[in-house]
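A.B. asks: I'm passing along coords_4.pdb; it holds PDB, C-alpha atoms and all ligand atoms.
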ATOM      1  CA  MET A   1       0.000   0.000   0.000  1.00  0.00           C
ATOM      2  CA  SER A   2       1.476   3.274  -1.070  1.00  0.00           C
ATOM      3  CA  SER A   3       1.891   5.780   1.725  1.00  0.00           C
ATOM      4  CA  GLY A   4       0.935   8.517  -0.756  1.00  0.00           C
ATOM      5  CA  THR A   5      -2.504   6.984  -1.408  1.00  0.00           C
ATOM      6  CA  SER A   6      -5.440   8.938   0.046  1.00  0.00           C
ATOM      7  CA  TRP A   7      -8.479   7.072   1.313  1.00  0.00           C
ATOM      8  CA  CYS A   8     -11.946   8.492   1.685  1.00  0.00           C
ATOM      9  CA  TYR A   9     -15.220   7.173   3.026  1.00  0.00           C
ATOM     10  CA  ARG A  10     -18.206   6.273   0.934  1.00  0.00           C
ATOM     11  CA  ARG A  11     -20.575   7.822   3.458  1.00  0.00           C
ATOM     12  CA  PRO A  12     -20.298  10.995   5.564  1.00  0.00           C
ATOM     13  CA  LEU A  13     -18.034  10.594   8.541  1.00  0.00           C
ATOM     14  CA  ARG A  14     -19.930  10.183  11.756  1.00  0.00           C
ATOM     15  CA  ARG A  15     -18.813   9.869  15.288  1.00  0.00           C
ATOM     16  CA  GLN A  16     -18.943   6.105  15.359  1.00  0.00           C
ATOM     17  CA  ARG A  17     -16.161   4.082  13.819  1.00  0.00           C
ATOM     18  CA  GLN A  18     -16.512   3.557  10.073  1.00  0.00           C
ATOM     19  CA  ARG A  19     -16.578   0.068   8.680  1.00  0.00           C
ATOM     20  CA  VAL A  20     -13.576  -0.831   6.554  1.00  0.00           C
ATOM     21  CA  ASP A  21     -15.722  -1.539   3.476  1.00  0.00           C
ATOM     22  CA  ASP A  22     -16.953   2.059   3.630  1.00  0.00           C
ATOM     23  CA  VAL A  23     -13.446   3.114   2.633  1.00  0.00           C
ATOM     24  CA  ARG A  24     -12.616   3.879  -0.976  1.00  0.00           C
ATOM     25  CA  LEU A  25      -9.836   5.604  -2.892  1.00  0.00           C
ATOM     26  CA  CYS A  26     -10.280   9.397  -2.911  1.00  0.00           C
ATOM     27  CA  THR A  27     -11.307  10.709  -6.310  1.00  0.00           C
ATOM     28  CA  GLU A  28      -9.250  13.349  -8.012  1.00  0.00           C
ATOM     29  CA  GLY A  29      -9.364  16.737  -6.202  1.00  0.00           C
ATOM     30  CA  GLU A  30     -10.952  15.208  -3.113  1.00  0.00           C
ATOM     31  CA  THR A  31      -9.060  15.640   0.146  1.00  0.00           C
ATOM     32  CA  GLN A  32      -8.493  12.819   2.538  1.00  0.00           C
ATOM     33  CA  LYS A  33     -11.337  12.659   5.058  1.00  0.00           C
ATOM     34  CA  ARG A  34      -9.485  10.974   7.851  1.00  0.00           C
ATOM     35  CA  SER A  35      -6.052   9.664   8.591  1.00  0.00           C
ATOM     36  CA  LEU A  36      -6.009   5.900   8.710  1.00  0.00           C
ATOM     37  CA  GLY A  37      -5.008   3.737  11.583  1.00  0.00           C
ATOM     38  CA  ILE A  38      -3.192   0.439  11.237  1.00  0.00           C
ATOM     39  CA  GLY A  39      -6.471  -1.468  11.488  1.00  0.00           C
ATOM     40  CA  ASP A  40      -7.839   0.517   8.583  1.00  0.00           C
ATOM     41  CA  GLN A  41      -4.760  -0.261   6.486  1.00  0.00           C
ATOM     42  CA  LEU A  42      -5.080  -4.000   7.090  1.00  0.00           C
ATOM     43  CA  GLY A  43      -8.734  -3.850   6.103  1.00  0.00           C
ATOM     44  CA  ILE A  44      -7.983  -1.877   2.991  1.00  0.00           C
ATOM     45  CA  ASN A  45      -5.316  -4.400   2.041  1.00  0.00           C
ATOM     46  CA  THR A  46      -7.983  -7.092   2.319  1.00  0.00           C
ATOM     47  CA  ILE A  47     -10.397  -5.219   0.046  1.00  0.00           C
ATOM     48  CA  TYR A  48      -7.724  -4.108  -2.457  1.00  0.00           C
ATOM     49  CA  PRO A  49      -5.255  -7.016  -2.438  1.00  0.00           C
ATOM     50  CA  SER A  50      -3.750  -6.371  -5.844  1.00  0.00           C
ATOM     51  CA  GLY A  51      -1.343  -3.687  -4.699  1.00  0.00           C
ATOM     52  CA  PRO A  52       0.573  -1.681  -7.281  1.00  0.00           C
ATOM     53  CA  PRO A  53       0.282  -2.966 -10.896  1.00  0.00           C
ATOM     54  CA  PRO A  54       3.180  -5.119 -12.153  1.00  0.00           C
ATOM     55  CA  PRO A  55       5.713  -3.418 -14.425  1.00  0.00           C
ATOM     56  CA  VAL A  56       4.908  -3.614 -18.155  1.00  0.00           C
ATOM     57  CA  ASN A  57       6.958  -6.138 -20.130  1.00  0.00           C
ATOM     58  CA  ASN A  58       7.038  -5.708 -23.899  1.00  0.00           C
ATOM     59  CA  ALA A  59       7.563  -8.720 -26.161  1.00  0.00           C
ATOM     60  CA  PRO A  60      10.917  -8.897 -27.943  1.00  0.00           C
ATOM     61  CA  GLU A  61      11.052  -8.129 -31.658  1.00  0.00           C
ATOM     62  CA  VAL A  62      12.863 -10.478 -34.041  1.00  0.00           C
ATOM     63  CA  ALA A  63      13.949  -9.872 -37.634  1.00  0.00           C
ATOM     64  CA  ILE A  64      15.519 -12.173 -40.254  1.00  0.00           C
ATOM     65  CA  PRO A  65      17.568 -10.083 -42.717  1.00  0.00           C
ATOM     66  CA  SER A  66      18.811 -13.260 -44.399  1.00  0.00           C
ATOM     67  CA  PRO A  67      17.738 -15.476 -46.096  1.00  0.00           C
ATOM     68  CA  ALA A  68      15.181 -13.422 -47.982  1.00  0.00           C
ATOM     69  CA  ASP A  69      11.615 -14.675 -47.901  1.00  0.00           C
ATOM     70  CA  GLY A  70      11.050 -16.814 -51.014  1.00  0.00           C
ATOM     71  CA  ALA A  71      14.753 -17.479 -51.651  1.00  0.00           C
ATOM     72  CA  THR A  72      15.661 -20.681 -53.546  1.00  0.00           C
ATOM     73  CA  TYR A  73      18.741 -22.877 -53.191  1.00  0.00           C
ATOM     74  CA  GLY A  74      20.143 -25.818 -55.097  1.00  0.00           C
ATOM     75  CA  SER A  75      19.792 -29.298 -53.668  1.00  0.00           C
ATOM     76  CA  GLY A  76      22.376 -29.906 -50.926  1.00  0.00           C
ATOM     77  CA  ALA A  77      23.318 -26.227 -50.619  1.00  0.00           C
ATOM     78  CA  SER A  78      24.413 -24.856 -47.245  1.00  0.00           C
ATOM     79  CA  VAL A  79      21.958 -22.133 -46.254  1.00  0.00           C
ATOM     80  CA  SER A  80      23.281 -19.240 -44.128  1.00  0.00           C
ATOM     81  CA  PHE A  81      20.928 -17.299 -41.910  1.00  0.00           C
ATOM     82  CA  THR A  82      21.202 -14.054 -39.938  1.00  0.00           C
ATOM     83  CA  GLY A  83      18.823 -12.624 -37.380  1.00  0.00           C
ATOM     84  CA  SER A  84      18.507  -9.942 -34.741  1.00  0.00           C
ATOM     85  CA  ALA A  85      16.377  -9.664 -31.620  1.00  0.00           C
ATOM     86  CA  THR A  86      15.762  -6.549 -29.540  1.00  0.00           C
ATOM     87  CA  ASP A  87      13.726  -6.072 -26.382  1.00  0.00           C
ATOM     88  CA  THR A  88      12.640  -2.883 -24.626  1.00  0.00           C
ATOM     89  CA  GLU A  89      13.544  -4.220 -21.198  1.00  0.00           C
ATOM     90  CA  ASP A  90      16.369  -6.678 -21.983  1.00  0.00           C
ATOM     91  CA  SER A  91      17.922  -4.720 -24.909  1.00  0.00           C
ATOM     92  CA  ASP A  92      19.800  -7.029 -27.314  1.00  0.00           C
ATOM     93  CA  LEU A  93      18.666 -10.684 -27.266  1.00  0.00           C
ATOM     94  CA  THR A  94      20.246 -11.684 -30.590  1.00  0.00           C
ATOM     95  CA  ALA A  95      22.520 -14.242 -28.951  1.00  0.00           C
ATOM     96  CA  SER A  96      19.449 -16.056 -27.581  1.00  0.00           C
ATOM     97  CA  ILE A  97      17.722 -16.557 -30.950  1.00  0.00           C
ATOM     98  CA  VAL A  98      16.609 -20.159 -31.548  1.00  0.00           C
ATOM     99  CA  TRP A  99      16.465 -21.240 -35.210  1.00  0.00           C
ATOM    100  CA  THR A 100      14.146 -23.966 -36.467  1.00  0.00           C
ATOM    101  CA  SER A 101      12.938 -25.417 -39.767  1.00  0.00           C
ATOM    102  CA  ASP A 102       9.458 -26.929 -39.978  1.00  0.00           C
ATOM    103  CA  LEU A 103      10.972 -29.751 -42.063  1.00  0.00           C
ATOM    104  CA  ASP A 104      14.363 -30.340 -40.415  1.00  0.00           C
ATOM    105  CA  GLY A 105      13.772 -29.185 -36.816  1.00  0.00           C
ATOM    106  CA  ALA A 106      16.370 -27.367 -34.686  1.00  0.00           C
ATOM    107  CA  LEU A 107      19.077 -25.509 -36.644  1.00  0.00           C
ATOM    108  CA  GLY A 108      21.024 -23.808 -33.837  1.00  0.00           C
ATOM    109  CA  THR A 109      21.087 -20.632 -31.765  1.00  0.00           C
ATOM    110  CA  GLY A 110      22.525 -17.124 -31.983  1.00  0.00           C
ATOM    111  CA  GLY A 111      22.603 -14.272 -34.449  1.00  0.00           C
ATOM    112  CA  ASN A 112      23.815 -16.291 -37.413  1.00  0.00           C
ATOM    113  CA  GLY A 113      24.588 -19.787 -38.579  1.00  0.00           C
ATOM    114  CA  SER A 114      24.242 -22.163 -41.486  1.00  0.00           C
ATOM    115  CA  ALA A 115      22.693 -25.542 -42.165  1.00  0.00           C
ATOM    116  CA  ASP A 116      22.485 -28.170 -44.900  1.00  0.00           C
ATOM    117  CA  LEU A 117      18.754 -28.398 -45.430  1.00  0.00           C
ATOM    118  CA  SER A 118      16.795 -31.230 -47.008  1.00  0.00           C
ATOM    119  CA  ASP A 119      15.003 -30.668 -50.307  1.00  0.00           C
ATOM    120  CA  GLY A 120      11.633 -29.054 -49.959  1.00  0.00           C
ATOM    121  CA  VAL A 121       9.894 -25.847 -48.956  1.00  0.00           C
ATOM    122  CA  HIS A 122      11.057 -24.811 -45.463  1.00  0.00           C
ATOM    123  CA  THR A 123       9.566 -22.306 -43.062  1.00  0.00           C
ATOM    124  CA  ILE A 124      12.616 -20.973 -41.179  1.00  0.00           C
ATOM    125  CA  THR A 125      11.700 -19.424 -37.810  1.00  0.00           C
ATOM    126  CA  ALA A 126      13.865 -17.329 -35.482  1.00  0.00           C
ATOM    127  CA  SER A 127      12.345 -17.054 -31.995  1.00  0.00           C
ATOM    128  CA  VAL A 128      13.474 -15.614 -28.681  1.00  0.00           C
ATOM    129  CA  THR A 129      12.055 -15.363 -25.146  1.00  0.00           C
ATOM    130  CA  ASP A 130      12.838 -12.438 -22.828  1.00  0.00           C
ATOM    131  CA  SER A 131      13.590 -12.547 -19.099  1.00  0.00           C
ATOM    132  CA  GLY A 132       9.905 -11.865 -18.381  1.00  0.00           C
ATOM    133  CA  GLY A 133       8.785 -14.919 -20.369  1.00  0.00           C
ATOM    134  CA  LYS A 134       7.450 -13.094 -23.408  1.00  0.00           C
ATOM    135  CA  SER A 135       8.337 -14.429 -26.864  1.00  0.00           C
ATOM    136  CA  GLY A 136       8.812 -12.925 -30.296  1.00  0.00           C
ATOM    137  CA  SER A 137       9.609 -14.532 -33.648  1.00  0.00           C
ATOM    138  CA  ASP A 138      10.004 -13.989 -37.366  1.00  0.00           C
ATOM    139  CA  SER A 139       9.755 -16.492 -40.225  1.00  0.00           C
ATOM    140  CA  VAL A 140      10.762 -16.791 -43.869  1.00  0.00           C
ATOM    141  CA  SER A 141       9.878 -19.426 -46.451  1.00  0.00           C
ATOM    142  CA  ILE A 142      12.669 -20.817 -48.617  1.00  0.00           C
ATOM    143  CA  THR A 143      12.886 -23.599 -51.200  1.00  0.00           C
ATOM    144  CA  VAL A 144      15.771 -26.073 -51.357  1.00  0.00           C
ATOM    145  CA  GLY A 145      16.241 -28.292 -54.417  1.00  0.00           C
ATOM    146  CA  ASP A 146      14.095 -28.559 -57.508  1.00  0.00           C
ATOM    147  CA  PRO A 147      10.417 -27.889 -56.978  1.00  0.00           C
ATOM    148  CA  PRO A 148       8.212 -30.959 -57.533  1.00  0.00           C
ATOM    149  CA  ALA A 149       7.285 -31.544 -61.166  1.00  0.00           C
ATOM    150  CA  VAL A 150       3.811 -30.463 -62.199  1.00  0.00           C
ATOM    151  CA  ALA A 151       1.956 -31.913 -65.182  1.00  0.00           C
ATOM    152  CA  THR A 152       1.135 -29.327 -67.848  1.00  0.00           C
ATOM    153  CA  THR A 153      -0.139 -31.156 -70.921  1.00  0.00           C
ATOM    154  CA  VAL A 154      -2.508 -34.006 -71.676  1.00  0.00           C
ATOM    155  CA  GLY A 155      -2.852 -36.313 -74.669  1.00  0.00           C
ATOM    156  CA  MET A 156      -4.442 -39.573 -75.815  1.00  0.00           C
ATOM    157  CA  THR A 157      -2.645 -42.831 -75.075  1.00  0.00           C
ATOM    158  CA  GLY A 158      -5.093 -44.835 -77.141  1.00  0.00           C
ATOM    159  CA  ILE A 159      -8.465 -45.222 -78.820  1.00  0.00           C
ATOM    160  CA  THR A 160      -9.784 -48.789 -78.780  1.00  0.00           C
ATOM    161  CA  TYR A 161     -12.967 -50.463 -80.068  1.00  0.00           C
ATOM    162  CA  ALA A 162     -15.165 -53.292 -78.885  1.00  0.00           C
ATOM    163  CA  THR A 163     -18.719 -54.504 -79.434  1.00  0.00           C
ATOM    164  CA  ASP A 164     -21.399 -55.811 -77.150  1.00  0.00           C
ATOM    165  CA  GLY A 165     -25.124 -56.500 -77.010  1.00  0.00           C
ATOM    166  CA  GLY A 166     -27.289 -58.724 -79.182  1.00  0.00           C
ATOM    167  CA  ARG A 167     -27.153 -62.471 -79.777  1.00  0.00           C
ATOM    168  CA  ASN A 168     -23.590 -62.308 -81.152  1.00  0.00           C
ATOM    169  CA  ARG A 169     -22.458 -59.496 -78.856  1.00  0.00           C
ATOM    170  CA  ASP A 170     -21.896 -57.274 -81.884  1.00  0.00           C
ATOM    171  CA  LYS A 171     -24.909 -54.965 -81.739  1.00  0.00           C
ATOM    172  CA  ASN A 172     -23.352 -51.855 -80.154  1.00  0.00           C
ATOM    173  CA  LEU A 173     -19.989 -50.255 -80.884  1.00  0.00           C
ATOM    174  CA  LEU A 174     -17.909 -49.221 -77.849  1.00  0.00           C
ATOM    175  CA  ILE A 175     -15.170 -46.630 -78.321  1.00  0.00           C
ATOM    176  CA  THR A 176     -12.775 -46.161 -75.409  1.00  0.00           C
ATOM    177  CA  VAL A 177     -10.573 -43.054 -75.345  1.00  0.00           C
ATOM    178  CA  THR A 178      -7.798 -42.930 -72.730  1.00  0.00           C
ATOM    179  CA  LEU A 179      -5.857 -39.855 -71.569  1.00  0.00           C
ATOM    180  CA  ALA A 180      -2.545 -39.374 -69.798  1.00  0.00           C
ATOM    181  CA  ASP A 181      -0.725 -36.225 -68.746  1.00  0.00           C
ATOM    182  CA  ASN A 182       2.920 -35.580 -69.594  1.00  0.00           C
ATOM    183  CA  LEU A 183       4.032 -37.156 -66.288  1.00  0.00           C
ATOM    184  CA  GLY A 184       2.008 -40.327 -66.895  1.00  0.00           C
ATOM    185  CA  GLY A 185      -0.859 -39.357 -64.596  1.00  0.00           C
ATOM    186  CA  LEU A 186      -4.398 -40.400 -65.498  1.00  0.00           C
ATOM    187  CA  PRO A 187      -6.660 -37.333 -65.448  1.00  0.00           C
ATOM    188  CA  ASP A 188      -9.886 -37.942 -63.532  1.00  0.00           C
ATOM    189  CA  GLY A 189     -12.896 -35.790 -64.417  1.00  0.00           C
ATOM    190  CA  ALA A 190     -11.566 -34.591 -67.776  1.00  0.00           C
ATOM    191  CA  SER A 191     -14.090 -33.919 -70.546  1.00  0.00           C
ATOM    192  CA  ILE A 192     -13.584 -35.565 -73.969  1.00  0.00           C
ATOM    193  CA  SER A 193     -15.631 -34.837 -77.102  1.00  0.00           C
ATOM    194  CA  ILE A 194     -15.506 -37.047 -80.189  1.00  0.00           C
ATOM    195  CA  ASP A 195     -16.852 -37.240 -83.719  1.00  0.00           C
ATOM    196  CA  LEU A 196     -17.434 -40.804 -84.942  1.00  0.00           C
ATOM    197  CA  TYR A 197     -17.157 -41.340 -88.677  1.00  0.00           C
ATOM    198  CA  ARG A 198     -18.565 -44.341 -90.593  1.00  0.00           C
ATOM    199  CA  ASN A 199     -17.305 -44.930 -94.119  1.00  0.00           C
ATOM    200  CA  GLY A 200     -15.960 -41.377 -94.116  1.00  0.00           C
ATOM    201  CA  SER A 201     -19.206 -39.658 -93.057  1.00  0.00           C
ATOM    202  CA  LEU A 202     -20.089 -38.247 -89.634  1.00  0.00           C
ATOM    203  CA  ASP A 203     -22.128 -40.908 -87.836  1.00  0.00           C
ATOM    204  CA  ALA A 204     -22.378 -39.689 -84.222  1.00  0.00           C
ATOM    205  CA  ARG A 205     -21.073 -37.147 -81.730  1.00  0.00           C
ATOM    206  CA  GLY A 206     -20.486 -37.583 -78.026  1.00  0.00           C
ATOM    207  CA  THR A 207     -18.985 -36.000 -74.910  1.00  0.00           C
ATOM    208  CA  GLY A 208     -17.966 -37.893 -71.780  1.00  0.00           C
ATOM    209  CA  THR A 209     -16.029 -37.509 -68.554  1.00  0.00           C
ATOM    210  CA  THR A 210     -13.012 -39.612 -67.609  1.00  0.00           C
ATOM    211  CA  GLY A 211     -12.963 -41.816 -64.526  1.00  0.00           C
ATOM    212  CA  SER A 212      -9.992 -42.526 -62.267  1.00  0.00           C
ATOM    213  CA  ASP A 213      -8.457 -44.665 -65.035  1.00  0.00           C
ATOM    214  CA  GLY A 214      -8.308 -41.615 -67.321  1.00  0.00           C
ATOM    215  CA  SER A 215     -10.691 -43.119 -69.879  1.00  0.00           C
ATOM    216  CA  VAL A 216     -14.182 -42.637 -71.307  1.00  0.00           C
ATOM    217  CA  THR A 217     -16.135 -45.332 -73.142  1.00  0.00           C
ATOM    218  CA  PHE A 218     -18.668 -44.114 -75.703  1.00  0.00           C
ATOM    219  CA  ASN A 219     -21.489 -46.421 -76.761  1.00  0.00           C
ATOM    220  CA  ARG A 220     -22.767 -46.194 -80.356  1.00  0.00           C
ATOM    221  CA  SER A 221     -25.873 -48.292 -79.950  1.00  0.00           C
ATOM    222  CA  ARG A 222     -27.129 -50.361 -82.919  1.00  0.00           C
ATOM    223  CA  ALA A 223     -24.030 -49.439 -84.940  1.00  0.00           C
ATOM    224  CA  ARG A 224     -24.374 -50.470 -88.563  1.00  0.00           C
ATOM    225  CA  ARG A 225     -21.704 -52.413 -90.428  1.00  0.00           C
ATOM    226  CA  GLY A 226     -18.916 -50.262 -91.840  1.00  0.00           C
ATOM    227  CA  ASP A 227     -15.473 -48.800 -91.346  1.00  0.00           C
ATOM    228  CA  TYR A 228     -15.328 -46.541 -88.292  1.00  0.00           C
ATOM    229  CA  THR A 229     -12.866 -43.802 -87.323  1.00  0.00           C
ATOM    230  CA  THR A 230     -12.892 -41.526 -84.269  1.00  0.00           C
ATOM    231  CA  VAL A 231     -11.689 -37.911 -84.236  1.00  0.00           C
ATOM    232  CA  VAL A 232     -11.261 -36.245 -80.845  1.00  0.00           C
ATOM    233  CA  THR A 233     -12.575 -32.671 -81.135  1.00  0.00           C
ATOM    234  CA  ASP A 234     -11.952 -31.382 -77.607  1.00  0.00           C
ATOM    235  CA  VAL A 235     -10.282 -32.336 -74.320  1.00  0.00           C
ATOM    236  CA  THR A 236     -10.764 -30.192 -71.218  1.00  0.00           C
ATOM    237  CA  ALA A 237      -8.723 -31.208 -68.158  1.00  0.00           C
ATOM    238  CA  ALA A 238      -8.098 -29.008 -65.110  1.00  0.00           C
ATOM    239  CA  GLY A 239      -4.664 -27.408 -65.188  1.00  0.00           C
ATOM    240  CA  LEU A 240      -3.656 -29.261 -68.377  1.00  0.00           C
ATOM    241  CA  THR A 241      -3.402 -28.222 -72.019  1.00  0.00           C
ATOM    242  CA  TRP A 242      -4.482 -30.770 -74.613  1.00  0.00           C
ATOM    243  CA  ASP A 243      -1.856 -31.476 -77.271  1.00  0.00           C
ATOM    244  CA  GLY A 244      -4.609 -31.575 -79.926  1.00  0.00           C
ATOM    245  CA  VAL A 245      -3.534 -34.921 -81.384  1.00  0.00           C
ATOM    246  CA  THR A 246      -5.912 -37.796 -82.198  1.00  0.00           C
ATOM    247  CA  PRO A 247      -3.882 -41.024 -82.524  1.00  0.00           C
ATOM    248  CA  PRO A 248      -4.515 -43.140 -85.645  1.00  0.00           C
ATOM    249  CA  ASN A 249      -7.463 -45.468 -85.121  1.00  0.00           C
ATOM    250  CA  SER A 250     -10.019 -47.506 -87.081  1.00  0.00           C
ATOM    251  CA  PHE A 251     -12.432 -50.403 -86.682  1.00  0.00           C
ATOM    252  CA  THR A 252     -14.317 -52.491 -89.185  1.00  0.00           C
ATOM    253  CA  LYS A 253     -17.650 -53.820 -88.045  1.00  0.00           C
TER
HETATM  254 CA    CA B 301      10.582  -7.595 -22.735  1.00  0.00          CA
END
Please express the file's structure as structure tokens.
C.D. replies:
Amino acid sequence: MSSGTSWCYRRPLRRQRQRVDDVRLCTEGETQKRSLGIGDQLGINTIYPSGPPPPVNNAPEVAIPSPADGATYGSGASVSFTGSATDTEDSDLTASIVWTSDLDGALGTGGNGSADLSDGVHTITASVTDSGGKSGSDSVSITVGDPPAVATTVGMTGITYATDGGRNRDKNLLITVTLADNLGGLPDGASISIDLYRNGSLDARGTGTTGSDGSVTFNRSRARRGDYTTVVTDVTAAGLTWDGVTPPNSFTK
């Protein structure tokens, strides 16, 4: 309890002894109504136990001048890093910086260092804790090694024919078109449009969507006898560009 604190009573002072819970802090400009005895002080301490507020502790601030956010390194490269940490109360905390990678874990402590990082995209974090227990940190994202390959184009790996239905299982003509991207992946959910020609004339058109095997099977029901050829007119696959090529194909029914 500060000796400079003035205490006043909630109610007008009377002759009888005031109860301790009638005591409050004097408001600004108000003069102290009565000097307090030791019993009053103990009571006030019970009502206002918090005492003076604790000193303010600001969190430390951390910066990573190097590496730059988004920097890239070759596979197996040694990556150097530099950081600084300042704190209002503790001043320079740079020597206490702890470095980590979300992929490789602990990298060391202090204002600078280097590490051989595994291939991949790393979040590098510099963090520090001050003497009051408050923490600060900074992070950068860097890439080590070649980024993973991403498929960009799609094409047909084959157009095959079969028949089914009817007594001799030759009533309907089935045309299966299969896609693959340039990394060998099988596009699921791609749209394929075809024109089916019979003896050189347009016989049917169709559009279908690939399954997980990258293929669509079109059914030309009650297909007549003749020489059939399929021309792919459009392929739409998310994130992929069709190479525009229809592989040679034909079927005689
Ligand atoms: Ca601090």
A.B. asks: Within 10 Å of ligand CA 301 (chain B), which residues of chain A come that close, and what is the closest atom pair and distance in Å for each? Count only C-alpha atoms and all ligand atoms and give it as a Markdown table.
C.D. replies:
| residue | atom | partner | partner_atom | distance |
| --- | --- | --- | --- | --- |
| A:Val56 | CA | B:CA301 | CA | 8.3 |
| A:Asn57 | CA | B:CA301 | CA | 4.7 |
| A:Asn58 | CA | B:CA301 | CA | 4.2 |
| A:Ala59 | CA | B:CA301 | CA | 4.7 |
| A:Pro60 | CA | B:CA301 | CA | 5.4 |
| A:Glu61 | CA | B:CA301 | CA | 9.0 |
| A:Thr86 | CA | B:CA301 | CA | 8.6 |
| A:Asp87 | CA | B:CA301 | CA | 5.1 |
| A:Thr88 | CA | B:CA301 | CA | 5.5 |
| A:Glu89 | CA | B:CA301 | CA | 4.7 |
| A:Asp90 | CA | B:CA301 | CA | 5.9 |
| A:Ser91 | CA | B:CA301 | CA | 8.2 |
| A:Leu93 | CA | B:CA301 | CA | 9.8 |
| A:Thr129 | CA | B:CA301 | CA | 8.3 |
| A:Asp130 | CA | B:CA301 | CA | 5.3 |
| A:Ser131 | CA | B:CA301 | CA | 6.8 |
| A:Gly132 | CA | B:CA301 | CA | 6.1 |
| A:Gly133 | CA | B:CA301 | CA | 7.9 |
| A:Lys134 | CA | B:CA301 | CA | 6.4 |
| A:Ser135 | CA | B:CA301 | CA | 8.3 |
| A:Gly136 | CA | B:CA301 | CA | 9.4 |
A.B. asks: Generate the output file for the selected residues, C-alpha atoms, as a short mmCIF file (atom, residue, chain, number, x, y, z; two decimals), keeping the file's coordinate frame.
C.D. replies:
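Output file selection_16.cif is given in full below:
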data_model
loop_
_atom_site.label_atom_id
_atom_site.label_comp_id
_atom_site.auth_asym_id
_atom_site.auth_seq_id
_atom_site.Cartn_x
_atom_site.Cartn_y
_atom_site.Cartn_z
CA VAL A 56 4.91 -3.61 -18.16
CA ASN A 57 6.96 -6.14 -20.13
CA ASN A 58 7.04 -5.71 -23.90
CA ALA A 59 7.56 -8.72 -26.16
CA PRO A 60 10.92 -8.90 -27.94
CA GLU A 61 11.05 -8.13 -31.66
CA THR A 86 15.76 -6.55 -29.54
CA ASP A 87 13.73 -6.07 -26.38
CA THR A 88 12.64 -2.88 -24.63
CA GLU A 89 13.54 -4.22 -21.20
CA ASP A 90 16.37 -6.68 -21.98
CA SER A 91 17.92 -4.72 -24.91
CA LEU A 93 18.67 -10.68 -27.27
CA THR A 129 12.06 -15.36 -25.15
CA ASP A 130 12.84 -12.44 -22.83
CA SER A 131 13.59 -12.55 -19.10
CA GLY A 132 9.90 -11.86 -18.38
CA GLY A 133 8.78 -14.92 -20.37
CA LYS A 134 7.45 -13.09 -23.41
CA SER A 135 8.34 -14.43 -26.86
CA GLY A 136 8.81 -12.92 -30.30
#
A.B. asks: What is the distance between atom CA of Thr207 of chain A and atom CA of Ser221 of chain A, in Å to one decimal?
C.D. replies: 15.0 Å
A.B. asks: Would you kindly translate the PyMOL selection byres (((chain A and resi 245) around 10) and not hetatm) into the concrete residues it picks from this file, as a ChimeraX atom specification?
C.D. replies: /A:154-156,231-234,242-244,246-248
A.B. asks: Using all atoms listed in the file, pick whichever of A:Thr217, A:Asn182, A:Ala68, A:Thr230 has the shortest atom-to-atom distance to Ala204 of chain A.
C.D. replies: A:Thr230
A.B. asks: Just how far from atom CA of Ser84 of chain A is atom CA of Ile97 of chain A, in Å to one decimal?
C.D. replies: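 Distance between the two atoms: 7.7 Å.
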A.B. asks: So, with all atoms listed in the file as the atoms that count, which of A:Leu173, A:Ala63, A:Ala95, A:Ala180 lies closest to Ala223 of chain A?
C.D. replies: A:Leu173
A.B. asks: On this structure, which residues satisfy the PyMOL selection byres (((chain A and resi 184) around 12) and not hetatm), written as a VMD selection string?
C.D. replies: chain A and resid 149 to 157 178 to 183 185 to 187 213 to 214
A.B. asks: Residue by residue, what does the PyMOL selection byres (((chain A and resi 76) around 8) and not hetatm) grab here? Present the result as a PyMOL selection string.
C.D. replies: chain A and resi 74-75+77-78+116-119+144-145
A.B. asks: How many Å lie between atom CA of Ser212 of chain A and atom CA of Thr252 of chain A, rounded to one decimal?
C.D. replies: 29.0 Å
A.B. asks: Using all atoms listed in the file, determine which residues lie at most 9 Å from Ser141 of chain A, disregarding the query and same-chain residues fewer than 4 positions distant; provide the list as a PyMOL selection string.
C.D. replies: chain A and resi 67-71+121-125
A.B. asks: To box segment 115-126 of chain A, take all atoms listed in the file, fit an axis-aligned box, add 3 Å on each side, and give centre and edge lengths in Å to one decimal, as AutoDock Vina command-line options.
C.D. replies:
--center_x 16.1 --center_y -24.3 --center_z -42.9 --size_x 19.1 --size_y 19.9 --size_z 20.8
A.B. asks: So, counting all atoms listed in the file, which residue among A:Tyr73, A:Tyr228, A:Phe251, A:Phe218 is closest to Gly120 of chain A?
C.D. replies: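 That would be A:Tyr73, the residue with the smallest distance to Gly120 of chain A.
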A.B. asks: Choose the residue, out of A:Pro54, A:Pro147, A:Gly226, A:Gly165, that has the smallest atom-to-atom separation from Gly200 of chain A; count only C-alpha atoms.
C.D. replies: A:Gly226
A.B. asks: Give as number ranges by chain the set of residues within 12 Å of the point (-26.8, -54.8, -80.1), where distances use the file's coordinates and all atoms listed in the file.
C.D. replies: A: 162-174, 219-225
